[in-house]
Amino acid sequence: MTNENLHIVHLGVSGFPIGFGGIQRLILLYKGLQHAGAKVLVINRTAMHGKNKEVSKEGVFEGVPYVYPGPDIYRKKGFLKRRKSDFLGRIGEYKLLKKLKKEGKLDAASVYLTGRLGQLLYYRFLSRLLGFPLILSYVEYRSAIENRKSKKKWIQWNDKMYEKYSAKFADGVLPISEFLMKAA
């Protein structure tokens, strides 16, 4: 398979095209993949933006296409409304992935998470179910972040389990540093 035939989607962190470090990393990564000849698509499952941001449900930003497969782009007020929006976003994301796979437009997914092991397991399940490799962007050694050490015990447990097992639930890992390469 040549790079011109390779279709890669982004899963995980939402908010594209507006954001700071994580979103900027996505822009550079996917522009680089396009430069190498791959076709890319950023999938934003979660509605992240406030009403003061102008974002389209789908579009192209700096040459990188993106889509919000759920019903909302803007973050809902109220816990239950957000949970409903998130749930419908998951369904929309699954349907889109299934459609892309059927059309031959899903060869791999790059997943960028904020260290939640449950999300990684969810995307691993989808990758096995639909038959595509999962590449993990590994960007933070979570247990070394000072303010996370004072968090609840389940957060500390999640961080340790994520660091210990995340690479085992992916077909490939893109670590941001030598330290994380050795940790993975």
# chains A, B, ... in the order shown; residues from 1 in each chain; ligands from 1

$ residues_around --residues "A:Gly70" --least-positions-apart "3" --cutoff "10 Å" --atoms "only C-alpha atoms" --output "JSON, numbers by chain"
{"A": [43, 44, 45, 46, 47, 57, 67, 73, 85, 86, 87, 88, 89, 90, 91, 92, 93, 96]}

$ residues_around --residues "A:Ser14" --least-positions-apart "3" --cutoff "10 Å" --atoms "only C-alpha atoms" --output "ChimeraX atom specification"
/A:10-11,17-19,22-23,42-49,68,112-113

$ select_by_dssp --residues "stretch 33-65 of chain A" --states "strand (DSSP E)" --output "ChimeraX atom specification"
/A:39-43,58-61,64-65

$ write_last_selection --atoms "all heavy atoms" --output "compact mmCIF listing (two decimals), in the first residue's frame"
# COMPACT_ATOMS: atom_id res chain seq x y z
N LYS A 39 -4.24 10.39 3.18
CA LYS A 39 -5.52 11.10 3.33
C LYS A 39 -5.85 11.07 4.81
O LYS A 39 -5.73 10.02 5.46
CB LYS A 39 -6.63 10.41 2.54
CG LYS A 39 -6.32 10.21 1.08
CD LYS A 39 -6.72 11.42 0.29
CE LYS A 39 -6.68 11.13 -1.20
NZ LYS A 39 -5.57 11.72 -1.87
N VAL A 40 -6.28 12.20 5.36
CA VAL A 40 -6.54 12.27 6.80
C VAL A 40 -7.92 12.85 7.07
O VAL A 40 -8.49 13.56 6.24
CB VAL A 40 -5.47 13.11 7.53
CG1 VAL A 40 -4.08 12.53 7.33
CG2 VAL A 40 -5.50 14.56 7.09
N LEU A 41 -8.43 12.55 8.25
CA LEU A 41 -9.70 13.11 8.73
C LEU A 41 -9.65 13.16 10.24
O LEU A 41 -9.38 12.15 10.90
CB LEU A 41 -10.89 12.25 8.28
CG LEU A 41 -12.27 12.70 8.79
CD1 LEU A 41 -12.65 14.08 8.24
CD2 LEU A 41 -13.32 11.66 8.44
N VAL A 42 -9.91 14.33 10.80
CA VAL A 42 -9.99 14.49 12.25
C VAL A 42 -11.45 14.34 12.65
O VAL A 42 -12.31 15.09 12.17
CB VAL A 42 -9.44 15.86 12.70
CG1 VAL A 42 -9.66 16.06 14.19
CG2 VAL A 42 -7.96 15.97 12.35
N ILE A 43 -11.74 13.38 13.52
CA ILE A 43 -13.09 13.14 14.01
C ILE A 43 -13.19 13.68 15.43
O ILE A 43 -12.46 13.23 16.32
CB ILE A 43 -13.45 11.64 13.97
CG1 ILE A 43 -13.35 11.11 12.53
CG2 ILE A 43 -14.85 11.41 14.55
CD1 ILE A 43 -13.56 9.61 12.40
N GLU A 58 -18.54 20.42 9.91
CA GLU A 58 -17.43 19.81 9.18
C GLU A 58 -16.77 20.91 8.35
O GLU A 58 -17.38 21.91 8.01
CB GLU A 58 -17.89 18.65 8.31
CG GLU A 58 -18.93 18.96 7.26
CD GLU A 58 -19.35 17.70 6.53
OE1 GLU A 58 -18.68 17.35 5.53
OE2 GLU A 58 -20.31 17.08 6.96
N GLY A 59 -15.49 20.69 8.07
CA GLY A 59 -14.76 21.69 7.33
C GLY A 59 -13.32 21.28 7.12
O GLY A 59 -12.94 20.13 7.35
N VAL A 60 -12.54 22.26 6.70
CA VAL A 60 -11.12 22.07 6.47
C VAL A 60 -10.40 23.23 7.13
O VAL A 60 -10.77 24.39 6.93
CB VAL A 60 -10.80 22.02 4.96
CG1 VAL A 60 -9.30 21.89 4.73
CG2 VAL A 60 -11.54 20.88 4.29
N PHE A 61 -9.40 22.93 7.95
CA PHE A 61 -8.61 23.97 8.61
C PHE A 61 -7.15 23.75 8.26
O PHE A 61 -6.61 22.68 8.52
CB PHE A 61 -8.81 23.92 10.13
CG PHE A 61 -8.07 24.99 10.86
CD1 PHE A 61 -8.55 26.29 10.89
CD2 PHE A 61 -6.87 24.70 11.50
CE1 PHE A 61 -7.86 27.28 11.56
CE2 PHE A 61 -6.17 25.69 12.17
CZ PHE A 61 -6.67 26.98 12.20
N VAL A 64 -6.48 20.56 6.65
CA VAL A 64 -6.81 19.32 7.36
C VAL A 64 -8.33 19.24 7.53
O VAL A 64 -8.92 20.08 8.21
CB VAL A 64 -6.11 19.27 8.74
CG1 VAL A 64 -6.48 17.98 9.48
CG2 VAL A 64 -4.61 19.39 8.60
N PRO A 65 -8.96 18.21 6.94
CA PRO A 65 -10.42 18.07 7.09
C PRO A 65 -10.80 17.54 8.47
O PRO A 65 -10.08 16.76 9.08
CB PRO A 65 -10.79 17.06 6.00
CG PRO A 65 -9.55 16.31 5.71
CD PRO A 65 -8.40 17.21 6.03

$ atom_distance --atom1 "atom CA of A:Asn52" --atom2 "atom CA of A:Leu28"
25.2 Å

$ closest_atom_pairs --of "stretch 2-115 of chain A" --to "stretch 127-133 of chain A" --cutoff "9 Å" --atoms "only C-alpha atoms" --output "tab-separated table"
residue	atom	partner	partner_atom	distance
A:Leu97	CA	A:Leu130	CA	7.9
A:Lys98	CA	A:Leu130	CA	6.7
A:Lys101	CA	A:Leu130	CA	7.1
A:Leu106	CA	A:Phe132	CA	7.0
A:Asp107	CA	A:Phe132	CA	5.8
A:Ala108	CA	A:Pro133	CA	4.9
A:Ala109	CA	A:Pro133	CA	6.4
A:Ser110	CA	A:Pro133	CA	8.6

$ write_last_selection --atoms "C-alpha atoms" --output "compact mmCIF listing (two decimals), in the first residue's frame"
# COMPACT_ATOMS: atom_id res chain seq x y z
CA LEU A 97 -15.99 4.77 11.27
CA LYS A 98 -18.11 1.88 10.00
CA LYS A 101 -14.20 1.23 6.68
CA LEU A 106 -10.08 3.72 7.08
CA ASP A 107 -6.66 2.09 7.13
CA ALA A 108 -5.53 3.25 10.58
CA ALA A 109 -6.54 5.49 13.44
CA SER A 110 -4.28 7.71 15.47

$ select_by_dssp --residues "chain A" --states "alpha helix (DSSP H)" --output "ChimeraX atom specification"
/A:21-35,79-102,117-130,153-165,178-183

$ atom_distance --atom1 "atom CA of A:Ser56" --atom2 "atom CA of A:Tyr122"
26.5 Å

$ atom_distance --atom1 "atom CA of A:Lys105" --atom2 "atom CA of A:Val9"
9.0 Å

$ closest_residue --among "A:Tyr30, A:Phe169, A:Tyr162, A:Trp154" --to "A:Leu126" --atoms "only C-alpha atoms"
A:Phe169

$ closest_residue --among "A:Trp157, A:Tyr94, A:Phe79, A:Phe16" --to "A:Tyr123" --atoms "only C-alpha atoms"
A:Tyr94
